[in-house]
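Asker: upload-v4.cif is reproduced below (mmCIF, C-alpha atoms).
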```cif
data_work
loop_
_atom_site.group_PDB
_atom_site.id
_atom_site.type_symbol
_atom_site.label_atom_id
_atom_site.label_comp_id
_atom_site.auth_asym_id
_atom_site.auth_seq_id
_atom_site.Cartn_x
_atom_site.Cartn_y
_atom_site.Cartn_z
ATOM 1 C CA MET A 1 -15.136 -11.588 43.665
ATOM 2 C CA LEU A 2 -14.510 -12.882 47.194
ATOM 3 C CA ILE A 3 -14.248 -16.558 48.150
ATOM 4 C CA PHE A 4 -15.106 -17.624 51.693
ATOM 5 C CA LYS A 5 -13.522 -20.527 53.546
ATOM 6 C CA ASP A 6 -16.553 -22.699 52.890
ATOM 7 C CA GLY A 7 -16.102 -22.162 49.138
ATOM 8 C CA THR A 8 -19.005 -19.784 48.557
ATOM 9 C CA ARG A 9 -18.358 -16.783 46.297
ATOM 10 C CA ILE A 10 -19.858 -13.322 46.114
ATOM 11 C CA LEU A 11 -19.385 -10.391 43.740
ATOM 12 C CA VAL A 12 -18.047 -7.271 45.413
ATOM 13 C CA GLY A 13 -18.065 -3.919 43.589
ATOM 14 C CA LYS A 14 -15.540 -1.166 44.002
ATOM 15 C CA ASP A 15 -17.701 0.751 46.498
ATOM 16 C CA CYS A 16 -18.934 -1.961 48.846
ATOM 17 C CA GLY A 17 -15.630 -3.765 48.604
ATOM 18 C CA LYS A 18 -13.851 -0.790 50.060
ATOM 19 C CA LYS A 19 -16.509 -0.031 52.661
ATOM 20 C CA ALA A 20 -17.184 -3.575 53.856
ATOM 21 C CA TYR A 21 -13.744 -5.151 53.513
ATOM 22 C CA GLY A 22 -11.315 -2.272 53.223
ATOM 23 C CA ALA A 23 -10.227 -3.439 49.788
ATOM 24 C CA ASN A 24 -8.635 -0.903 47.429
ATOM 25 C CA PHE A 25 -10.508 -2.064 44.377
ATOM 26 C CA VAL A 26 -8.593 0.152 41.900
ATOM 27 C CA LEU A 27 -5.186 -1.171 42.948
ATOM 28 C CA MET A 28 -6.429 -4.758 43.012
ATOM 29 C CA GLU A 29 -7.940 -4.368 39.549
ATOM 30 C CA ARG A 30 -4.740 -2.871 38.138
ATOM 31 C CA SER A 31 -2.671 -5.635 39.671
ATOM 32 C CA PHE A 32 -5.017 -8.296 38.325
ATOM 33 C CA ASN A 33 -5.051 -6.819 34.810
ATOM 34 C CA ALA A 34 -1.270 -6.481 34.780
ATOM 35 C CA ALA A 35 -0.865 -10.121 35.837
ATOM 36 C CA ARG A 36 -3.382 -11.264 33.220
ATOM 37 C CA GLU A 37 -1.660 -9.264 30.472
ATOM 38 C CA ARG A 38 1.734 -10.622 31.470
ATOM 39 C CA ALA A 39 0.473 -14.208 31.430
ATOM 40 C CA TYR A 40 -1.034 -13.563 27.981
ATOM 41 C CA TYR A 41 2.224 -12.272 26.524
ATOM 42 C CA LEU A 42 4.310 -14.998 28.167
ATOM 43 C CA GLN A 43 2.101 -17.633 26.532
ATOM 44 C CA ARG A 44 2.421 -15.861 23.181
ATOM 45 C CA ARG A 45 6.195 -15.608 23.618
ATOM 46 C CA ASP A 46 6.525 -19.344 24.195
ATOM 47 C CA ALA A 47 4.300 -20.070 21.179
ATOM 48 C CA ALA A 48 6.199 -17.591 19.006
ATOM 49 C CA LEU A 49 9.578 -19.081 19.850
ATOM 50 C CA ALA A 50 8.274 -22.610 19.304
ATOM 51 C CA ASN A 51 7.003 -21.695 15.826
ATOM 52 C CA ARG A 52 9.803 -19.313 14.838
ATOM 53 C CA ARG A 53 11.655 -21.751 12.581
ATOM 54 C CA ALA A 54 8.523 -22.643 10.590
ATOM 55 C CA LEU A 55 7.698 -18.943 10.140
ATOM 56 C CA MET A 56 11.170 -17.899 9.015
ATOM 57 C CA ASN A 57 11.464 -20.851 6.626
ATOM 58 C CA GLY A 58 8.095 -19.940 5.141
ATOM 59 C CA LEU A 59 9.082 -16.288 4.730
ATOM 60 C CA GLU A 60 12.367 -17.239 3.073
ATOM 61 C CA GLU A 61 10.381 -19.317 0.591
ATOM 62 C CA LEU A 62 8.017 -16.387 0.085
ATOM 63 C CA VAL A 63 10.660 -13.892 -1.069
ATOM 64 C CA GLN A 64 12.183 -16.574 -3.329
ATOM 65 C CA HIS A 65 8.794 -17.241 -4.945
ATOM 66 C CA GLU A 66 8.930 -16.983 -8.741
ATOM 67 C CA SER A 67 6.244 -14.276 -8.741
ATOM 68 C CA PHE A 68 8.533 -11.848 -6.873
ATOM 69 C CA ARG A 69 11.243 -12.398 -9.478
ATOM 70 C CA THR A 70 8.679 -11.877 -12.244
ATOM 71 C CA PHE A 71 7.638 -8.543 -10.737
ATOM 72 C CA ARG A 72 11.247 -7.369 -10.514
ATOM 73 C CA ASP A 73 12.057 -8.426 -14.101
ATOM 74 C CA LEU A 74 8.941 -6.808 -15.564
ATOM 75 C CA LYS A 75 9.561 -3.586 -13.675
ATOM 76 C CA ARG A 76 13.218 -3.492 -14.767
ATOM 77 C CA THR A 77 12.249 -3.959 -18.428
ATOM 78 C CA PHE A 78 9.495 -1.362 -18.184
ATOM 79 C CA ASN A 79 11.810 1.222 -16.599
ATOM 80 C CA ARG A 80 14.777 0.585 -18.896
ATOM 81 C CA GLU A 81 13.282 -0.296 -22.271
ATOM 82 C CA MET A 82 10.103 1.780 -22.029
ATOM 83 C CA ALA A 83 11.533 4.638 -20.004
ATOM 84 C CA GLY A 84 9.431 7.354 -21.648
ATOM 85 C CA LEU A 85 6.118 5.678 -20.817
ATOM 86 C CA SER A 86 7.333 4.380 -17.456
ATOM 87 C CA SER A 87 8.268 7.861 -16.270
ATOM 88 C CA LEU A 88 5.043 9.377 -17.589
ATOM 89 C CA VAL A 89 2.729 6.827 -15.982
ATOM 90 C CA SER A 90 4.520 6.823 -12.601
ATOM 91 C CA GLN A 91 4.236 10.616 -12.451
ATOM 92 C CA SER A 92 0.560 10.407 -13.376
ATOM 93 C CA VAL A 93 -0.178 7.782 -10.707
ATOM 94 C CA ALA A 94 1.653 9.838 -8.065
ATOM 95 C CA ARG A 95 -0.325 12.930 -9.010
ATOM 96 C CA ASN A 96 -3.778 11.621 -9.960
ATOM 97 C CA GLY A 97 -3.993 8.066 -8.667
ATOM 98 C CA ALA A 98 -5.785 5.691 -11.034
ATOM 99 C CA MET A 99 -7.143 8.336 -13.412
ATOM 100 C CA LEU A 100 -5.076 8.946 -16.545
ATOM 101 C CA THR A 101 -5.483 12.459 -17.916
ATOM 102 C CA TYR A 102 -4.433 14.442 -20.956
ATOM 103 C CA GLY A 103 -4.220 18.145 -21.731
ATOM 104 C CA VAL A 104 -6.459 19.996 -24.187
ATOM 105 C CA LYS A 105 -5.713 23.504 -25.483
ATOM 106 C CA VAL A 106 -8.803 25.741 -25.093
ATOM 107 C CA ARG A 107 -9.505 29.474 -25.308
ATOM 108 C CA ASP A 108 -9.373 31.319 -21.996
ATOM 109 C CA ILE A 109 -12.268 33.769 -22.449
ATOM 110 C CA ALA A 110 -11.957 35.077 -18.887
ATOM 111 C CA ALA A 111 -8.282 35.930 -19.435
ATOM 112 C CA GLU A 112 -9.127 37.712 -22.701
ATOM 113 C CA GLU A 113 -11.805 39.806 -20.933
ATOM 114 C CA ARG A 114 -9.375 40.734 -18.152
ATOM 115 C CA ARG A 115 -6.806 41.821 -20.727
ATOM 116 C CA ASP A 116 -9.329 43.971 -22.622
ATOM 117 C CA ASN A 117 -10.571 45.575 -19.403
ATOM 118 C CA ASP A 118 -7.011 46.389 -18.329
ATOM 119 C CA GLU A 119 -6.254 47.987 -21.694
ATOM 120 C CA GLU A 120 -9.462 50.033 -21.541
ATOM 121 C CA ARG A 121 -8.658 51.329 -18.025
ATOM 122 C CA ARG A 122 -5.143 52.327 -19.055
ATOM 123 C CA ALA A 123 -6.503 54.169 -22.113
ATOM 124 C CA THR A 124 -9.107 55.992 -19.996
ATOM 125 C CA ARG A 125 -6.462 57.113 -17.480
ATOM 126 C CA ALA A 126 -4.422 58.461 -20.393
ATOM 127 C CA GLY A 127 -7.427 60.416 -21.709
ATOM 128 C CA LYS A 128 -7.841 58.237 -24.764
ATOM 129 C CA THR A 129 -10.711 56.207 -26.137
ATOM 130 C CA TRP A 130 -10.035 52.492 -26.230
ATOM 131 C CA VAL A 131 -11.188 50.762 -29.379
ATOM 132 C CA PRO A 132 -11.352 46.951 -29.378
ATOM 133 C CA PRO A 133 -9.112 45.464 -32.073
ATOM 134 C CA LYS A 134 -10.868 44.061 -35.124
ATOM 135 C CA SER A 135 -8.866 40.862 -35.273
ATOM 136 C CA PRO A 136 -9.207 38.410 -32.346
ATOM 137 C CA ARG A 137 -6.291 37.987 -29.992
ATOM 138 C CA PRO A 138 -7.035 34.639 -28.396
ATOM 139 C CA ILE A 139 -5.464 33.538 -25.136
ATOM 140 C CA HIS A 140 -5.248 29.791 -24.604
ATOM 141 C CA LYS A 141 -4.872 27.537 -21.595
ATOM 142 C CA MET A 142 -4.447 23.808 -21.045
ATOM 143 C CA GLU A 143 -7.292 21.869 -19.437
ATOM 144 C CA GLN A 144 -6.810 18.408 -18.014
ATOM 145 C CA ARG A 145 -9.436 15.881 -19.040
ATOM 146 C CA ASN A 146 -9.966 12.316 -17.925
ATOM 147 C CA PHE A 147 -8.881 9.575 -20.330
ATOM 148 C CA GLY A 148 -9.557 6.418 -18.316
ATOM 149 C CA ALA A 149 -8.887 4.640 -15.032
ATOM 150 C CA LEU A 150 -5.763 2.502 -14.801
ATOM 151 C CA VAL A 151 -5.827 -0.642 -12.663
ATOM 152 C CA GLY A 152 -2.992 -2.618 -11.119
ATOM 153 C CA LEU A 153 -1.467 0.597 -9.785
ATOM 154 C CA GLU A 154 0.959 -1.245 -7.519
ATOM 155 C CA PHE A 155 3.030 -2.176 -10.563
ATOM 156 C CA TYR A 156 3.055 1.315 -12.056
ATOM 157 C CA ARG A 157 3.923 3.233 -8.884
ATOM 158 C CA LEU A 158 7.469 4.462 -8.393
ATOM 159 C CA ASP A 159 8.669 2.195 -5.577
ATOM 160 C CA ARG A 160 11.324 -0.346 -4.705
ATOM 161 C CA PRO A 161 10.863 -4.008 -5.695
ATOM 162 C CA PRO A 162 8.583 -6.013 -3.373
ATOM 163 C CA ASP A 163 11.230 -8.636 -2.578
ATOM 164 C CA GLU A 164 13.666 -5.929 -1.444
ATOM 165 C CA ILE A 165 11.120 -4.425 0.944
ATOM 166 C CA ALA A 166 10.038 -7.879 2.136
ATOM 167 C CA LEU A 167 13.622 -8.886 2.928
ATOM 168 C CA GLU A 168 14.016 -5.817 5.148
ATOM 169 C CA ALA A 169 10.849 -6.752 7.053
ATOM 170 C CA ILE A 170 12.128 -10.309 7.497
ATOM 171 C CA GLU A 171 15.454 -9.045 8.842
ATOM 172 C CA ARG A 172 13.587 -6.929 11.394
ATOM 173 C CA LEU A 173 11.653 -10.022 12.437
ATOM 174 C CA LYS A 174 14.881 -11.989 12.880
ATOM 175 C CA SER A 175 16.283 -9.238 15.068
ATOM 176 C CA GLY A 176 13.045 -9.125 17.047
ATOM 177 C CA PHE A 177 13.125 -12.862 17.696
ATOM 178 C CA GLY A 178 16.693 -12.533 18.961
ATOM 179 C CA ALA A 179 15.531 -9.955 21.501
ATOM 180 C CA LEU A 180 12.449 -12.020 22.369
ATOM 181 C CA GLU A 181 14.587 -14.891 23.666
ATOM 182 C CA LYS A 182 15.884 -12.595 26.407
ATOM 183 C CA ALA A 183 12.733 -10.519 26.914
ATOM 184 C CA ASN A 184 11.067 -10.771 30.293
ATOM 185 C CA ARG A 185 9.341 -7.444 30.923
ATOM 186 C CA THR A 186 5.763 -7.138 29.711
ATOM 187 C CA ALA A 187 6.655 -3.925 27.859
ATOM 188 C CA ASP A 188 9.386 -5.738 25.904
ATOM 189 C CA LEU A 189 7.070 -8.612 25.052
ATOM 190 C CA ARG A 190 4.388 -6.190 23.926
ATOM 191 C CA SER A 191 6.947 -4.342 21.815
ATOM 192 C CA PHE A 192 7.960 -7.510 19.965
ATOM 193 C CA PHE A 193 4.420 -8.429 18.965
ATOM 194 C CA LYS A 194 3.688 -4.867 17.895
ATOM 195 C CA GLY A 195 6.817 -4.900 15.732
ATOM 196 C CA ALA A 196 5.940 -8.324 14.333
ATOM 197 C CA SER A 197 2.474 -7.088 13.423
ATOM 198 C CA THR A 198 4.012 -4.146 11.542
ATOM 199 C CA SER A 199 6.367 -6.486 9.676
ATOM 200 C CA PHE A 200 3.452 -8.732 8.725
ATOM 201 C CA GLU A 201 1.535 -5.729 7.375
ATOM 202 C CA ILE A 202 4.537 -4.778 5.242
ATOM 203 C CA LEU A 203 4.907 -8.332 3.958
ATOM 204 C CA ARG A 204 1.220 -8.555 3.096
ATOM 205 C CA ALA A 205 1.437 -5.232 1.265
ATOM 206 C CA GLN A 206 4.253 -6.638 -0.902
ATOM 207 C CA ILE A 207 2.249 -9.795 -1.556
ATOM 208 C CA ALA A 208 -0.640 -7.579 -2.671
ATOM 209 C CA ARG A 209 1.657 -5.709 -5.079
ATOM 210 C CA VAL A 210 2.762 -8.947 -6.710
ATOM 211 C CA THR A 211 -0.766 -10.360 -6.747
ATOM 212 C CA ALA A 212 -1.920 -7.274 -8.718
ATOM 213 C CA LEU A 213 0.212 -8.209 -11.759
ATOM 214 C CA PRO A 214 -2.541 -10.074 -13.677
ATOM 215 C CA VAL A 215 -4.777 -7.022 -13.398
ATOM 216 C CA ALA A 216 -1.969 -4.646 -14.385
ATOM 217 C CA PHE A 217 -1.302 -6.706 -17.535
ATOM 218 C CA SER A 218 -4.887 -7.413 -18.532
ATOM 219 C CA ASP A 219 -5.830 -6.814 -22.186
ATOM 220 C CA ALA A 220 -8.044 -3.838 -21.366
ATOM 221 C CA ASN A 221 -5.444 -2.204 -19.131
ATOM 222 C CA LEU A 222 -2.639 -2.517 -21.688
ATOM 223 C CA ALA A 223 -4.903 -1.182 -24.461
ATOM 224 C CA LEU A 224 -5.769 1.810 -22.289
ATOM 225 C CA LEU A 225 -2.111 2.439 -21.512
ATOM 226 C CA SER A 226 -1.099 2.219 -25.171
ATOM 227 C CA SER A 227 -3.860 4.602 -26.302
ATOM 228 C CA TRP A 228 -3.047 7.065 -23.530
ATOM 229 C CA ALA A 229 0.632 7.016 -24.497
ATOM 230 C CA SER A 230 -0.336 7.996 -28.046
ATOM 231 C CA VAL A 231 -2.505 10.878 -26.817
ATOM 232 C CA ARG A 232 0.381 12.057 -24.641
ATOM 233 C CA GLU A 233 2.638 11.918 -27.718
ATOM 234 C CA VAL A 234 4.732 9.027 -26.436
ATOM 235 C CA THR A 235 4.659 7.051 -29.661
ATOM 236 C CA GLY A 236 5.508 3.556 -30.792
ATOM 237 C CA TYR A 237 3.317 1.573 -28.391
ATOM 238 C CA SER A 238 0.794 -1.083 -29.319
ATOM 239 C CA VAL A 239 -0.792 -4.198 -27.833
ATOM 240 C CA SER A 240 -0.586 -7.737 -29.135
ATOM 241 C CA GLY A 241 -2.335 -10.425 -27.142
ATOM 242 C CA ARG A 242 -1.484 -9.723 -23.511
ATOM 243 C CA TYR A 243 1.771 -7.990 -24.358
ATOM 244 C CA LEU A 244 2.608 -4.301 -24.496
ATOM 245 C CA LEU A 245 4.890 -3.640 -27.479
ATOM 246 C CA LEU A 246 7.293 -0.801 -28.156
ATOM 247 C CA ASN A 247 8.019 -0.744 -31.861
ATOM 248 C CA ARG A 248 11.431 0.640 -32.802
ATOM 249 C CA SER A 249 12.651 1.313 -36.307
ATOM 250 C CA LYS A 250 15.155 -1.278 -37.553
ATOM 251 C CA GLU A 251 14.988 -3.117 -34.219
ATOM 252 C CA GLN A 252 12.950 -5.915 -32.760
ATOM 253 C CA PRO A 253 9.994 -4.597 -30.721
ATOM 254 C CA VAL A 254 10.248 -4.701 -26.937
ATOM 255 C CA ARG A 255 7.631 -7.060 -25.483
ATOM 256 C CA LEU A 256 6.309 -6.687 -21.957
ATOM 257 C CA GLY A 257 3.791 -9.140 -20.580
ATOM 258 C CA LEU A 258 2.977 -11.582 -17.809
ATOM 259 C CA PRO A 259 4.188 -15.177 -18.248
ATOM 260 C CA PRO A 260 1.264 -17.587 -18.754
ATOM 261 C CA THR A 261 2.547 -19.720 -15.874
ATOM 262 C CA PHE A 262 2.340 -16.860 -13.347
ATOM 263 C CA ALA A 263 1.037 -17.913 -9.926
ATOM 264 C CA PRO A 264 0.577 -15.404 -7.075
ATOM 265 C CA PRO A 265 2.205 -15.834 -3.652
ATOM 266 C CA THR A 266 0.255 -16.344 -0.441
ATOM 267 C CA ASP A 267 0.615 -15.270 3.169
ATOM 268 C CA SER A 268 0.134 -18.815 4.477
ATOM 269 C CA ALA A 269 3.357 -18.723 6.539
ATOM 270 C CA ILE A 270 2.108 -15.642 8.380
ATOM 271 C CA VAL A 271 -1.373 -17.103 8.857
ATOM 272 C CA ASP A 272 -0.017 -20.340 10.298
ATOM 273 C CA PHE A 273 2.185 -18.416 12.712
ATOM 274 C CA GLU A 274 -0.695 -16.181 13.848
ATOM 275 C CA LEU A 275 -2.915 -19.191 14.387
ATOM 276 C CA SER A 276 -0.212 -20.811 16.486
ATOM 277 C CA LEU A 277 -0.446 -17.828 18.852
ATOM 278 C CA GLY A 278 -4.203 -18.243 19.269
ATOM 279 C CA GLY A 279 -7.034 -16.035 18.029
ATOM 280 C CA GLU A 280 -9.202 -15.759 14.944
ATOM 281 C CA VAL A 281 -8.094 -15.192 11.385
ATOM 282 C CA ASN A 282 -10.323 -13.292 8.980
ATOM 283 C CA THR A 283 -9.950 -12.793 5.244
ATOM 284 C CA ASP A 284 -9.830 -9.195 3.985
ATOM 285 C CA LEU A 285 -11.080 -7.848 0.644
ATOM 286 C CA ASN A 286 -7.756 -8.580 -1.092
ATOM 287 C CA GLY A 287 -7.854 -12.231 -0.172
ATOM 288 C CA SER A 288 -5.169 -11.952 2.495
ATOM 289 C CA THR A 289 -5.856 -13.241 5.977
ATOM 290 C CA LYS A 290 -5.323 -11.229 9.112
ATOM 291 C CA ARG A 291 -5.460 -12.221 12.748
ATOM 292 C CA GLN A 292 -7.828 -10.319 14.982
ATOM 293 C CA GLY A 293 -7.961 -10.079 18.715
ATOM 294 C CA LYS A 294 -6.083 -8.492 21.572
ATOM 295 C CA PRO A 295 -5.586 -9.386 25.200
#
```
Let me see the structure of the file written as structure tokens.
Answerer:
Amino acid sequence: MLIFKDGTRILVGKDCGKKAYGANFVLMERSFNAARERAYYLQRRDAALANRRALMNGLEELVQHESFRTFRDLKRTFNREMAGLSSLVSQSVARNGAMLTYGVKVRDIAAEERRDNDEERRATRAGKTWVPPKSPRPIHKMEQRNFGALVGLEFYRLDRPPDEIALEAIERLKSGFGALEKANRTADLRSFFKGASTSFEILRAQIARVTALPVAFSDANLALLSSWASVREVTGYSVSGRYLLLNRSKEQPVRLGLPPTFAPPTDSAIVDFELSLGGEVNTDLNGSTKRQGKP
């Protein structure tokens, strides 16, 4: 767009601009876009620094939320007191995802036919007549069959506690804010917000893990887990109410269940910070909110 001295404006494309006015449209466009991007990130930097304290205070409260401690305690008890089942289910989730399976011993007819054919060929090469044995010589194999789909996988996966992972993400944010105070180049500003976005994704993933606890400890899920343990010959497990029990001879049973006062954490500190930078916030399928938009 060109503006004349009298205030009138006209649109000039890249071709006529160059021909009529000698303007290098490509360079002008690049310069304009670079200036616009820089102004965008400078505004976001000022907003980020102004709202840093509120964000960090909110994140500190997040990792100290009772639900994170509940997750850690439940996982510790599951791994230590129910080690046999804990190891079995974590291996199953790593291998098959949600589907719990069990092995069934079945006859391998194809393997039996291959064996008989091999014996017959060897007898023929030796000039003998092969006679099938009268008594069967079964060959067996193990087939994996589906038992049921486990839910609340985030609790049963083999992973570090959510609060431990969240604390690392918060430390990276603190370090990023320290660098942001001195950042002036557009590339450095862009790098901070990209890193912050990654940290927020990690934090939301840990919130999702903790939020999945009620599903992981639902009546149906615990009953499925107990029955599957029995089929896999990991004995002693039963369900009472919303508790998974491990019954030990001459000892009190180990009880594992979600406290009735459990309340999930939220990502409100992150949402408030994102809103302070400008842009829209949408809610995803898990109930978490994520900011959309780019310069």
Asker: Give me the residues near Tyr102 of chain A as a PyMOL selection string, where near means some atom within 8 Å (using all atoms listed in the file) and where sequence neighbours in that chain fewer than 6 positions away do not count.
Answerer: chain A and resi 144-147+228+231-232
Asker: List the residues sitting within 12 Å of (12.5, -9.6, -6.9) in the file's frame, using all atoms listed in the file, as an MDAnalysis selection string.
Answerer: chainID A and resid 62:76 160:167 206:207 209:210
Asker: Using all atoms listed in the file, which of the listed residues (A:Glu120, A:Glu81, A:Glu274, A:Glu143) sits closest to Asp108 of chain A?
Answerer: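 Comparing A:Glu120, A:Glu81, A:Glu274, A:Glu143 against Asp108 of chain A, the winner is A:Glu143.
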Asker: Pick out the closest residue to Gly178 of chain A from this set: A:Arg115, A:Arg52, A:Lys194, A:Arg137. Count all atoms listed in the file.
Answerer: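 For Gly178 of chain A, the nearest of the given residues is A:Arg52.
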Asker: For a test of reading the model, state the distance in Å between atom CA of Ser249 of chain A and atom CA of Glu233 of chain A, rounded to one decimal.
Answerer: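 Answer for the atom CA of Ser249 of chain A to atom CA of Glu233 of chain A separation: 16.9 Å.
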Asker: May I ask for the distance between atom CA of Asn117 of chain A and atom CA of Trp130 of chain A, given in Å to one decimal place?
Answerer: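 Between atom CA of Asn117 of chain A and atom CA of Trp130 of chain A the gap is 9.7 Å.
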Asker: Can you list what the PyMOL selection byres ((chain A and resi 211) around 10) grabs from this structure, as a ChimeraX atom specification?
Answerer: /A:67-68,71,152,154-155,205-210,212-216,262-266,286-287
Asker: Can you spit out the residues from that selection as a PDB file, in the frame of the given file, using C-alpha atoms?
Answerer:
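Written out: selection.pdb:
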```pdb
ATOM      1  CA  SER A  67       6.244 -14.276  -8.741  1.00  0.00           C
ATOM      2  CA  PHE A  68       8.533 -11.848  -6.873  1.00  0.00           C
ATOM      3  CA  PHE A  71       7.638  -8.543 -10.737  1.00  0.00           C
ATOM      4  CA  GLY A 152      -2.992  -2.618 -11.119  1.00  0.00           C
ATOM      5  CA  GLU A 154       0.959  -1.245  -7.519  1.00  0.00           C
ATOM      6  CA  PHE A 155       3.030  -2.176 -10.563  1.00  0.00           C
ATOM      7  CA  ALA A 205       1.437  -5.232   1.265  1.00  0.00           C
ATOM      8  CA  GLN A 206       4.253  -6.638  -0.902  1.00  0.00           C
ATOM      9  CA  ILE A 207       2.249  -9.795  -1.556  1.00  0.00           C
ATOM     10  CA  ALA A 208      -0.640  -7.579  -2.671  1.00  0.00           C
ATOM     11  CA  ARG A 209       1.657  -5.709  -5.079  1.00  0.00           C
ATOM     12  CA  VAL A 210       2.762  -8.947  -6.710  1.00  0.00           C
ATOM     13  CA  ALA A 212      -1.920  -7.274  -8.718  1.00  0.00           C
ATOM     14  CA  LEU A 213       0.212  -8.209 -11.759  1.00  0.00           C
ATOM     15  CA  PRO A 214      -2.541 -10.074 -13.677  1.00  0.00           C
ATOM     16  CA  VAL A 215      -4.777  -7.022 -13.398  1.00  0.00           C
ATOM     17  CA  ALA A 216      -1.969  -4.646 -14.385  1.00  0.00           C
ATOM     18  CA  PHE A 262       2.340 -16.860 -13.347  1.00  0.00           C
ATOM     19  CA  ALA A 263       1.037 -17.913  -9.926  1.00  0.00           C
ATOM     20  CA  PRO A 264       0.577 -15.404  -7.075  1.00  0.00           C
ATOM     21  CA  PRO A 265       2.205 -15.834  -3.652  1.00  0.00           C
ATOM     22  CA  THR A 266       0.255 -16.344  -0.441  1.00  0.00           C
ATOM     23  CA  ASN A 286      -7.756  -8.580  -1.092  1.00  0.00           C
ATOM     24  CA  GLY A 287      -7.854 -12.231  -0.172  1.00  0.00           C
TER      25      GLY A 287
END
```
Asker: Run through the PyMOL selection byres ((chain A and resi 85-87) around 10) on the given coordinates and return the selected residues as a list in words.
Answerer: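 Output from the PyMOL selection byres ((chain A and resi 85-87) around 10), applied to this file: Lys75, Thr77, Phe78, Asn79, Arg80, Glu81, Met82, Ala83, Gly84, Leu88, Val89, Ser90, Gln91, Ser92, Tyr156, Arg157, Leu158, Leu225, Ser226, Trp228, Ala229, Ser230, Arg232, Glu233, Val234, Thr235, Tyr237 and Leu246 of chain A.
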Asker: What residues come out when you apply the PyMOL selection byres ((chain A and resi 173) around 10) to this file, written as an MDAnalysis selection string?
Answerer: chainID A and resid 52 56 167:172 174:179 192:193 195:200
Asker: Go through A:Leu189, A:Leu150, A:Met99, A:Leu203 one by one, measure the shortest atom-to-atom distance of each to Asp219 of chain A using all atoms listed in the file, and give the residue with the smallest value.
Answerer: A:Leu150
Asker: Rounded to one decimal place, report the atom CA of Ser276 of chain A-atom CA of Lys182 of chain A distance in Å.
Answerer: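 These two atoms are separated by 20.6 Å.
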